[in-house]
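Student: Sharing query.tsv below, TSV, C-alpha atoms and all ligand atoms:
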chain	number	residue	atom	x	y	z
A	15	MET	CA	-15.27	19.98	17.58
A	16	ASP	CA	-13.09	19.82	14.48
A	17	PRO	CA	-14.69	17.14	12.27
A	18	TYR	CA	-11.40	16.54	10.49
A	19	ALA	CA	-9.29	15.94	13.58
A	20	PRO	CA	-7.98	12.35	13.32
A	21	THR	CA	-8.88	9.83	16.02
A	22	PRO	CA	-7.76	6.21	16.54
A	23	ALA	CA	-11.18	5.11	15.19
A	24	ASP	CA	-9.97	6.33	11.77
A	25	ARG	CA	-7.28	3.62	11.84
A	26	PHE	CA	-4.51	5.83	10.47
A	27	THR	CA	-1.03	4.36	10.68
A	28	PHE	CA	2.47	5.54	9.77
A	29	GLY	CA	5.73	3.72	9.33
A	30	LEU	CA	8.44	4.53	11.84
A	31	TRP	CA	10.58	5.10	8.75
A	32	THR	CA	8.17	7.74	7.42
A	33	VAL	CA	8.05	10.29	10.23
A	34	SER	CA	11.66	9.66	11.16
A	35	ASN	CA	12.87	10.01	7.58
A	36	PRO	CA	15.92	12.28	7.99
A	37	GLY	CA	15.70	13.84	4.54
A	38	ARG	CA	18.68	12.11	2.96
A	39	ASP	CA	18.59	11.87	-0.83
A	40	PRO	CA	21.08	10.71	-3.48
A	41	PHE	CA	22.42	14.27	-3.72
A	42	GLY	CA	22.53	15.37	-0.13
A	43	GLU	CA	23.04	14.49	3.50
A	44	PRO	CA	20.22	14.30	6.07
A	45	THR	CA	18.54	17.59	6.93
A	46	ARG	CA	16.89	16.30	10.13
A	47	ALA	CA	18.28	14.59	13.22
A	48	PRO	CA	17.57	10.89	13.89
A	49	MET	CA	14.28	10.40	15.78
A	50	ASP	CA	13.86	8.13	18.79
A	51	PRO	CA	11.10	5.59	17.95
A	52	THR	CA	9.40	6.27	21.31
A	53	HIS	CA	9.23	9.98	20.43
A	54	ALA	CA	7.56	9.08	17.12
A	55	VAL	CA	5.02	6.97	19.05
A	56	ALA	CA	4.23	9.80	21.46
A	57	LYS	CA	3.82	12.40	18.72
A	58	LEU	CA	1.73	10.17	16.44
A	59	ALA	CA	-0.59	9.36	19.33
A	60	GLU	CA	-0.91	13.04	20.15
A	61	LEU	CA	-1.96	13.73	16.55
A	62	GLY	CA	-4.67	11.04	16.67
A	63	ALA	CA	-3.02	8.15	14.81
A	64	TYR	CA	-4.03	4.56	15.52
A	65	GLY	CA	-0.83	2.68	14.92
A	66	VAL	CA	2.77	2.53	13.86
A	67	ASN	CA	4.52	0.02	11.60
A	68	PHE	CA	8.22	-0.74	11.24
A	69	HIS	CA	10.98	-2.64	9.50
A	70	ASP	CA	13.03	-4.80	11.90
A	71	HIS	CA	15.96	-2.45	11.31
A	72	ASP	CA	13.92	0.72	12.16
A	73	LEU	CA	13.51	-0.51	15.72
A	74	VAL	CA	16.40	-2.91	16.26
A	75	PRO	CA	19.45	-2.11	14.10
A	76	ASP	CA	20.88	-5.20	12.36
A	77	GLY	CA	23.52	-6.90	14.48
A	78	THR	CA	22.17	-5.71	17.85
A	79	PRO	CA	23.07	-8.24	20.63
A	80	ALA	CA	20.08	-10.18	22.05
A	81	ALA	CA	20.03	-8.48	25.45
A	82	GLU	CA	20.08	-5.03	23.88
A	83	ARG	CA	17.35	-6.10	21.42
A	84	ASP	CA	15.12	-7.14	24.32
A	85	ARG	CA	15.74	-3.84	26.09
A	86	ILE	CA	14.83	-1.83	22.96
A	87	VAL	CA	11.69	-3.88	22.37
A	88	ALA	CA	10.54	-3.59	26.00
A	89	ARG	CA	11.04	0.18	25.94
A	90	PHE	CA	9.11	0.47	22.67
A	91	LYS	CA	6.29	-1.70	24.06
A	92	ARG	CA	6.02	0.56	27.10
A	93	ALA	CA	5.72	3.60	24.81
A	94	LEU	CA	2.98	1.87	22.77
A	95	ASP	CA	1.05	1.01	25.93
A	96	GLU	CA	1.49	4.43	27.46
A	97	HIS	CA	0.26	6.22	24.33
A	98	GLY	CA	-2.32	3.64	23.22
A	99	LEU	CA	-0.82	2.94	19.80
A	100	VAL	CA	-0.87	-0.49	18.11
A	101	VAL	CA	1.42	-2.20	15.56
A	102	PRO	CA	-0.84	-3.64	12.85
A	103	MET	CA	1.91	-4.33	10.30
A	104	ALA	CA	5.59	-5.20	10.26
A	105	THR	CA	8.15	-5.78	7.55
A	106	THR	CA	11.80	-6.54	6.88
A	107	ASN	CA	14.55	-4.26	5.67
A	108	LEU	CA	16.04	-6.32	2.84
A	109	PHE	CA	17.55	-3.37	1.00
A	110	THR	CA	19.90	-1.18	3.12
A	111	ASP	CA	22.67	-3.67	3.88
A	112	PRO	CA	25.05	-3.98	0.89
A	113	VAL	CA	24.68	-7.77	1.18
A	114	PHE	CA	21.34	-7.23	-0.62
A	115	LYS	CA	22.79	-5.09	-3.42
A	116	ASP	CA	21.67	-7.59	-6.09
A	117	GLY	CA	18.46	-8.71	-4.38
A	118	ALA	CA	17.45	-10.66	-1.30
A	119	PHE	CA	15.04	-13.50	-2.16
A	120	THR	CA	16.08	-13.09	-5.80
A	121	SER	CA	19.83	-12.73	-5.31
A	122	ALA	CA	21.82	-14.92	-7.68
A	123	ASP	CA	23.78	-16.02	-4.59
A	124	ALA	CA	21.90	-18.73	-2.69
A	125	ARG	CA	23.70	-17.75	0.54
A	126	VAL	CA	22.12	-14.30	0.34
A	127	ARG	CA	18.72	-15.89	-0.33
A	128	HIS	CA	19.11	-18.05	2.77
A	129	TYR	CA	20.22	-15.06	4.84
A	130	ALA	CA	17.20	-13.04	3.63
A	131	ILE	CA	14.85	-15.82	4.75
A	132	ALA	CA	16.58	-16.05	8.14
A	133	LYS	CA	16.41	-12.27	8.64
A	134	THR	CA	12.74	-12.25	7.65
A	135	MET	CA	11.88	-15.02	10.12
A	136	ARG	CA	13.51	-13.04	12.93
A	137	ALA	CA	11.67	-9.90	11.81
A	138	MET	CA	8.39	-11.82	11.72
A	139	ASP	CA	9.02	-12.97	15.31
A	140	LEU	CA	9.59	-9.33	16.30
A	141	GLY	CA	6.49	-8.09	14.45
A	142	VAL	CA	4.26	-10.75	15.97
A	143	GLU	CA	5.69	-10.08	19.43
A	144	LEU	CA	4.47	-6.50	19.05
A	145	GLY	CA	1.04	-7.52	17.74
A	146	ALA	CA	1.36	-7.31	13.93
A	147	SER	CA	-1.20	-9.28	11.91
A	148	THR	CA	-0.05	-8.16	8.46
A	149	TYR	CA	3.45	-8.74	7.15
A	150	VAL	CA	4.52	-6.67	4.16
A	151	PHE	CA	6.98	-7.76	1.49
A	152	TRP	CA	8.24	-4.84	-0.51
A	153	GLY	CA	10.82	-6.22	-2.91
A	154	GLY	CA	13.27	-3.32	-2.40
A	155	ARG	CA	16.28	-4.71	-4.25
A	156	GLU	CA	14.46	-7.56	-5.99
A	157	GLY	CA	15.16	-6.56	-9.56
A	158	ALA	CA	17.85	-6.10	-12.15
A	159	GLU	CA	19.59	-3.72	-14.49
A	160	VAL	CA	21.41	-6.43	-16.44
A	161	ASP	CA	19.41	-9.22	-18.01
A	162	GLY	CA	22.37	-11.04	-19.55
A	163	GLY	CA	22.96	-12.95	-16.29
A	164	GLY	CA	20.09	-15.28	-17.10
A	165	LYS	CA	18.25	-14.59	-13.87
A	166	LEU	CA	14.94	-13.55	-15.39
A	167	PHE	CA	13.24	-16.91	-15.13
A	168	ASP	CA	14.89	-18.01	-11.91
A	169	ALA	CA	14.09	-14.82	-10.03
A	170	LEU	CA	10.35	-15.42	-9.78
A	171	SER	CA	10.81	-19.04	-8.82
A	172	TRP	CA	13.34	-18.08	-6.09
A	173	TYR	CA	10.89	-15.44	-4.89
A	174	ARG	CA	8.17	-18.11	-4.79
A	175	ASP	CA	10.42	-20.58	-2.95
A	176	ALA	CA	11.12	-17.96	-0.27
A	177	LEU	CA	7.49	-16.96	0.18
A	178	ASP	CA	6.36	-20.60	0.32
A	179	TYR	CA	9.00	-21.25	2.98
A	180	LEU	CA	7.95	-18.21	5.01
A	181	CYS	CA	4.26	-19.16	4.80
A	182	ASP	CA	5.24	-22.54	6.21
A	183	TYR	CA	7.24	-20.84	8.95
A	184	ALA	CA	4.30	-18.61	9.95
A	185	ARG	CA	1.95	-21.60	10.01
A	186	ASP	CA	4.40	-23.73	11.96
A	187	GLN	CA	4.77	-21.00	14.59
A	188	GLY	CA	0.98	-20.62	14.77
A	189	TYR	CA	1.28	-16.95	13.77
A	190	ASP	CA	-1.96	-15.24	12.81
A	191	LEU	CA	-0.27	-13.41	9.97
A	192	ARG	CA	-1.24	-12.48	6.44
A	193	PHE	CA	1.39	-11.52	3.89
A	194	ALA	CA	0.98	-8.49	1.62
A	195	LEU	CA	3.23	-8.11	-1.43
A	196	GLU	CA	4.01	-4.50	-2.32
A	197	PRO	CA	4.72	-3.97	-6.02
A	198	LYS	CA	6.88	-1.15	-7.36
A	199	PRO	CA	8.15	-0.70	-10.93
A	200	ASN	CA	11.67	0.64	-10.23
A	201	GLU	CA	13.83	2.43	-7.61
A	202	PRO	CA	16.16	1.42	-6.22
A	203	ARG	CA	16.57	-1.14	-9.05
A	204	GLY	CA	16.35	-0.25	-12.71
A	205	HIS	CA	13.60	-2.82	-13.15
A	206	ALA	CA	11.87	-4.44	-10.17
A	207	PHE	CA	10.42	-7.94	-10.17
A	208	LEU	CA	6.63	-7.88	-9.59
A	209	PRO	CA	6.38	-4.27	-10.82
A	210	THR	CA	2.62	-3.71	-10.54
A	211	VAL	CA	-0.42	-4.84	-8.58
A	212	GLY	CA	-1.55	-6.88	-11.58
A	213	SER	CA	1.71	-8.82	-11.74
A	214	ALA	CA	1.61	-9.51	-7.99
A	215	LEU	CA	-1.97	-10.79	-8.21
A	216	GLY	CA	-0.96	-13.21	-10.95
A	217	PHE	CA	2.07	-14.38	-8.99
A	218	ILE	CA	0.10	-15.01	-5.78
A	219	ALA	CA	-2.00	-17.61	-7.56
A	220	THR	CA	1.20	-19.66	-8.12
A	221	LEU	CA	2.09	-19.87	-4.40
A	222	GLN	CA	1.53	-22.87	-2.16
A	223	HIS	CA	-0.67	-20.90	0.24
A	224	PRO	CA	-2.30	-18.24	-1.93
A	225	GLU	CA	-4.97	-17.68	0.73
A	226	MET	CA	-2.32	-16.28	3.09
A	227	VAL	CA	-0.98	-13.77	0.59
A	228	GLY	CA	-2.46	-10.53	-0.75
A	229	VAL	CA	-1.16	-7.16	-1.87
A	230	ASN	CA	-0.14	-3.82	-0.37
A	231	PRO	CA	-0.61	-1.39	-3.27
A	232	GLU	CA	1.03	2.02	-3.04
A	233	LEU	CA	-0.31	5.13	-4.74
A	234	ALA	CA	3.16	6.40	-5.70
A	235	HIS	CA	4.26	3.06	-7.13
A	236	GLU	CA	1.33	2.56	-9.52
A	237	THR	CA	1.64	6.23	-10.50
A	238	MET	CA	5.37	5.79	-11.24
A	239	ALA	CA	4.34	2.96	-13.58
A	240	GLY	CA	1.91	5.31	-15.32
A	241	LEU	CA	-1.06	3.39	-13.96
A	242	SER	CA	-4.18	4.43	-12.06
A	243	PHE	CA	-4.15	3.75	-8.33
A	244	PRO	CA	-7.95	3.53	-7.95
A	245	HIS	CA	-7.95	0.93	-10.76
A	246	ALA	CA	-5.23	-1.04	-8.96
A	247	LEU	CA	-7.25	-0.92	-5.73
A	248	ALA	CA	-10.34	-2.13	-7.55
A	249	ALA	CA	-8.41	-5.05	-9.06
A	250	ALA	CA	-7.01	-6.01	-5.64
A	251	LEU	CA	-10.44	-5.73	-4.01
A	252	ASP	CA	-12.03	-7.75	-6.81
A	253	ALA	CA	-9.53	-10.53	-6.13
A	254	GLY	CA	-10.20	-10.35	-2.37
A	255	LYS	CA	-6.52	-9.45	-1.96
A	256	LEU	CA	-6.41	-5.91	-0.58
A	257	PHE	CA	-4.66	-6.84	2.69
A	258	HIS	CA	-3.06	-3.42	3.29
A	259	VAL	CA	-2.60	-0.07	1.54
A	260	ASP	CA	0.22	2.48	1.27
A	261	LEU	CA	-1.10	6.02	0.82
A	262	ASN	CA	1.00	8.94	-0.37
A	263	ASP	CA	1.28	11.02	-3.53
A	264	GLN	CA	3.53	11.22	-6.55
A	265	ILE	CA	3.94	13.09	-9.83
A	266	MET	CA	3.89	10.67	-12.75
A	267	GLY	CA	7.24	10.23	-14.45
A	268	ARG	CA	9.31	11.57	-11.55
A	269	PHE	CA	11.64	9.89	-9.04
A	270	ASP	CA	9.97	8.17	-6.09
A	271	GLN	CA	8.65	11.20	-4.21
A	272	ASP	CA	6.55	9.84	-1.29
A	273	LEU	CA	4.60	13.09	-1.04
A	274	ARG	CA	1.97	13.90	1.59
A	275	PHE	CA	-1.36	12.20	0.75
A	276	GLY	CA	-3.33	14.51	-1.54
A	277	ALA	CA	-0.39	16.88	-2.07
A	278	GLU	CA	-0.36	16.47	-5.83
A	279	ASN	CA	-3.33	14.61	-7.32
A	280	LEU	CA	-6.41	15.53	-5.30
A	281	LYS	CA	-8.80	13.81	-7.65
A	282	THR	CA	-6.81	10.55	-7.53
A	283	ALA	CA	-6.76	10.86	-3.74
A	284	PHE	CA	-10.53	11.36	-3.77
A	285	PHE	CA	-11.14	8.28	-5.91
A	286	THR	CA	-8.71	6.36	-3.71
A	287	VAL	CA	-10.77	7.18	-0.63
A	288	LEU	CA	-13.96	6.37	-2.52
A	289	ALA	CA	-12.57	3.04	-3.80
A	290	LEU	CA	-11.52	2.01	-0.28
A	291	GLN	CA	-14.99	2.91	0.99
A	292	GLU	CA	-17.05	1.40	-1.83
A	293	GLY	CA	-14.81	-1.68	-1.92
A	294	GLY	CA	-15.37	-2.31	1.79
A	295	TYR	CA	-11.69	-2.10	2.80
A	296	GLU	CA	-11.51	-2.17	6.59
A	297	GLY	CA	-7.79	-2.45	7.24
A	298	PRO	CA	-5.48	0.29	8.46
A	299	ARG	CA	-5.04	3.42	6.35
A	300	HIS	CA	-1.28	3.46	6.24
A	301	PHE	CA	0.71	6.48	5.09
A	302	ASP	CA	4.00	5.60	3.46
A	303	ALA	CA	5.34	9.05	2.76
A	304	HIS	CA	7.65	11.56	4.33
A	305	ALA	CA	7.99	15.28	4.88
A	306	LEU	CA	9.85	17.25	2.24
A	307	ARG	CA	13.59	17.45	2.75
A	308	THR	CA	13.22	21.18	3.30
A	309	GLU	CA	11.35	20.65	6.57
A	310	ASP	CA	12.35	20.64	10.23
A	311	GLU	CA	10.58	18.51	12.85
A	312	ALA	CA	7.59	20.86	12.95
A	313	GLY	CA	7.24	20.26	9.22
A	314	VAL	CA	7.23	16.50	9.85
A	315	TRP	CA	4.21	16.75	12.15
A	316	ALA	CA	2.47	19.18	9.79
A	317	PHE	CA	3.03	16.57	7.08
A	318	ALA	CA	1.66	13.71	9.22
A	319	LEU	CA	-1.39	15.63	10.35
A	320	GLY	CA	-1.95	16.81	6.78
A	321	CYS	CA	-2.07	13.21	5.45
A	322	MET	CA	-4.76	12.28	7.97
A	323	ARG	CA	-6.82	15.48	7.66
A	324	THR	CA	-6.85	15.27	3.87
A	325	PHE	CA	-8.03	11.67	4.05
A	326	LYS	CA	-10.85	12.69	6.41
A	327	MET	CA	-11.83	15.70	4.31
A	328	LEU	CA	-11.98	13.48	1.23
A	329	GLU	CA	-14.01	10.96	3.17
A	330	ALA	CA	-16.53	13.72	3.89
A	331	LYS	CA	-16.46	14.65	0.19
A	332	ALA	CA	-17.05	10.99	-0.72
A	333	ALA	CA	-20.11	10.89	1.56
A	334	ARG	CA	-21.38	14.10	-0.04
A	335	PHE	CA	-20.72	12.68	-3.51
A	336	LEU	CA	-22.65	9.49	-2.77
A	337	GLU	CA	-25.61	11.48	-1.37
A	338	ASP	CA	-25.77	14.29	-3.91
A	339	PRO	CA	-29.09	13.82	-5.76
A	340	ASP	CA	-27.61	14.92	-9.09
A	341	VAL	CA	-24.72	12.50	-8.69
A	342	VAL	CA	-27.10	9.70	-7.69
A	343	ALA	CA	-29.23	10.45	-10.77
A	344	ALA	CA	-26.19	10.69	-13.07
A	345	ARG	CA	-24.75	7.41	-11.76
A	346	ALA	CA	-28.11	5.70	-12.19
A	347	ALA	CA	-28.54	7.09	-15.70
A	348	TYR	CA	-25.05	5.88	-16.67
A	349	ARG	CA	-26.11	2.25	-16.30
A	350	ALA	CA	-28.71	0.72	-18.56
A	351	ASP	CA	-30.49	-2.58	-18.01
A	352	ASP	CA	-31.37	-4.81	-20.90
A	353	PRO	CA	-35.16	-5.29	-20.93
A	354	GLU	CA	-34.74	-8.40	-23.04
A	355	GLY	CA	-32.57	-10.36	-20.62
A	356	ALA	CA	-31.09	-10.37	-17.13
A	357	TRP	CA	-27.38	-9.87	-16.48
A	358	PRO	CA	-25.28	-11.98	-16.09
A	359	PRO	CA	-26.39	-14.21	-18.94
A	360	ARG	CA	-26.59	-17.92	-18.06
A	361	TYR	CA	-25.06	-20.11	-20.69
A	362	SER	CA	-27.08	-22.79	-22.38
A	363	GLY	CA	-26.94	-23.98	-25.95
A	364	SER	CA	-30.34	-22.49	-26.71
A	365	HIS	CA	-29.49	-19.19	-24.97
A	366	ALA	CA	-26.35	-18.90	-27.10
A	367	GLU	CA	-28.33	-19.63	-30.27
A	368	ALA	CA	-30.92	-17.00	-29.38
A	369	LEU	CA	-28.23	-14.43	-28.45
A	370	LYS	CA	-26.38	-14.95	-31.72
A	371	GLY	CA	-29.63	-14.47	-33.58
A	372	ARG	CA	-30.83	-11.44	-31.65
A	373	THR	CA	-31.27	-8.16	-33.48
A	374	PHE	CA	-29.77	-5.17	-31.61
A	375	ASP	CA	-30.71	-1.57	-32.30
A	376	LEU	CA	-27.05	-0.66	-32.78
A	377	ASP	CA	-27.74	2.88	-33.94
A	378	ALA	CA	-29.52	3.65	-30.70
A	379	LEU	CA	-26.62	2.14	-28.72
A	380	ARG	CA	-24.07	4.06	-30.79
A	381	LEU	CA	-25.83	7.33	-30.18
A	382	ARG	CA	-26.48	6.96	-26.45
A	383	GLY	CA	-24.59	9.57	-24.40
A	384	PRO	CA	-23.63	8.21	-20.97
A	385	GLY	CA	-23.47	11.64	-19.27
A	386	LEU	CA	-19.89	11.27	-18.05
A	387	GLU	CA	-18.90	14.91	-18.67
A	388	HIS	CA	-21.79	16.01	-16.47
A	389	LEU	CA	-20.93	13.44	-13.77
A	390	ASP	CA	-17.26	14.38	-13.74
A	391	GLN	CA	-18.02	18.09	-13.48
A	392	LEU	CA	-20.29	17.33	-10.50
A	393	THR	CA	-17.30	15.55	-8.92
A	394	VAL	CA	-15.08	18.59	-9.49
A	395	GLU	CA	-17.70	20.93	-8.03
A	396	ILE	CA	-18.00	18.75	-4.93
A	397	LEU	CA	-14.23	18.70	-4.56
A	398	LEU	CA	-14.03	22.47	-4.95
A	399	GLY	CA	-16.69	22.90	-2.28
A	400	VAL	CA	-19.35	24.65	-4.34
A	401	ARG	CA	-21.82	21.76	-3.97
B	501	LIG	C1	9.50	2.37	-0.90
B	501	LIG	C2	8.51	1.44	-0.28
B	501	LIG	C3	8.78	1.16	1.18
B	501	LIG	C4	7.93	0.01	1.70
B	501	LIG	C5	8.40	-0.38	3.07
B	501	LIG	C6	7.48	-1.36	3.74
B	501	LIG	O1	9.18	2.91	-1.96
B	501	LIG	O2	10.59	2.55	-0.35
B	501	LIG	O3	7.23	1.98	-0.46
B	501	LIG	O4	8.56	2.32	1.93
B	501	LIG	O5	6.58	0.34	1.74
B	501	LIG	O6	9.66	-0.93	2.95
B	501	LIG	O7	7.68	-2.59	3.22
B	502	MN	MN	7.21	3.62	-1.87
B	503	MN	MN	5.42	1.51	0.48
Show this structure as structure tokens.
Ligand code: GCO
Ligand code: MN
Ligand code: MN

Tutor:
Amino acid sequence: MDPYAPTPADRFTFGLWTVSNPGRDPFGEPTRAPMDPTHAVAKLAELGAYGVNFHDHDLVPDGTPAAERDRIVARFKRALDEHGLVVPMATTNLFTDPVFKDGAFTSADARVRHYAIAKTMRAMDLGVELGASTYVFWGGREGAEVDGGGKLFDALSWYRDALDYLCDYARDQGYDLRFALEPKPNEPRGHAFLPTVGSALGFIATLQHPEMVGVNPELAHETMAGLSFPHALAAALDAGKLFHVDLNDQIMGRFDQDLRFGAENLKTAFFTVLALQEGGYEGPRHFDAHALRTEDEAGVWAFALGCMRTFKMLEAKAARFLEDPDVVAARAAYRADDPEGAWPPRYSGSHAEALKGRTFDLDALRLRGPGLEHLDQLTVEILLGVR
């Protein structure tokens, strides 16, 4: 049996918008035909995926009459049942319709803000109807190019008002739903509000129901900001806020590429897998990426399978890394205990006095080599398959 063949137990999920991405870009028309959502379900199941996520608009185009909506949803449900796929996450498209051109929850026009809340409530109803327990908020058009309008301070408070309202709505409906904010530094806006995982974590603490709200970090987004994705994951895990994750790849300093997981930065992908494992993340492993515009439908499924296989191969590498005796020894040697006192120090007046008066052998501490070159080379050798 192929040890890297994905199975539903691996909890891999894809967005409907990822595998059915038609390959449109700002310079060119689509290169692939539209994909029926039920076809995406069948193919993802065949490849071994666990679930599929969607924006309201991916499944039910905006403005669809109620009867037609119900027909589409029933047909999609039948496909999920037939192929054994689940919908762990849902979200709202608050960026395609020109009504959102200057933001949704942060539009300067209060009518747009109200409409965005109404659309999100309907999309939450749809997501919950299909079984979603995580609701993602990517702030697509929440941002600005012009700061002279005076929106900078209002934007975050409007964003907060909307999220507080929607938390109340979810509670009032009895929905078992957690919200996950997805930061991104830019694209499509020049500057996005809540640009990084760190800013989202700070913002969550200002909400009325912070316990309901976490983050959905994306590898490409932190990389676009010049930041480290494993560090962002660690910060989210430390805060108990890693509610979801968007996996893909990205070259730093480029346009938003949404590359196949592991396509570009294998070492970052490795430390991503390791961080999810060591941090105890148990949610879905969601791929938010798409096949290159050059590809036909066969390329789409090669892309999807590739994301999952690379994750599993890196998972096997992570297990090998954690077991390798030289790695274990190097990781142990990297840390040093303090024989003169336990960590963490417990504050007391007398402890502080003693600590201030303590003599440290600073020369010995200055000269200590932590062995990180050796440890990092071991990592590379494991990744290259020679260990
Ligand atoms: C992007 C985002 C989106 C979101 C999606 C789910 O860069 O376009 O990553 O793909 O993840 O809208 O909220
Ligand atoms: Mn993205
Ligand atoms: Mn994303």

Student: For ligand MN 502 (chain B), list the contacting residues at 7 Å or closer, counting all atoms listed in the file, as a list in words.

Tutor: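 Within the 7 Å cut-off, the matching residues are Glu232, Ala234, His235, Asp270, Asp272 and Asp302 of chain A.
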
Student: So which residues touch A:Ala214 within 7 Å, counting only C-alpha atoms, skipping near sequence neighbours fewer than 5 positions away, as a list in words?

Tutor: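 The neighbour list is Leu195, Pro197 and Leu208 of chain A.
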
Student: List the spatial neighbours of A:Asn35 as an MDAnalysis selection string - criterion: any atom at most 8 Å away, all atoms listed in the file, same-chain residues fewer than 5 positions off excluded.

Tutor: chainID A and resid 46 48 304:305

Student: Just checking: using only C-alpha atoms and all ligand atoms, which residue out of A:Pro202, A:Pro209, A:Pro231, A:Gly313 ends up closest to ligand MN 503 (chain B)?

Tutor: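 Ranked by minimum distance to ligand MN 503 (chain B), first place goes to A:Pro231.
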
Student: Enumerate as a CSV table (one decimal) with C-alpha atoms, in the coordinates of the input the residues within 6 Å of ligand LIG 501 (chain B), counting all atoms listed in the file.

Tutor:
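Produced file part-v2.csv, reproduced below:
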chain,number,residue,atom,x,y,z
A,105,THR,CA,8.2,-5.8,7.6
A,150,VAL,CA,4.5,-6.7,4.2
A,151,PHE,CA,7.0,-7.8,1.5
A,152,TRP,CA,8.2,-4.8,-0.5
A,302,ASP,CA,4.0,5.6,3.5
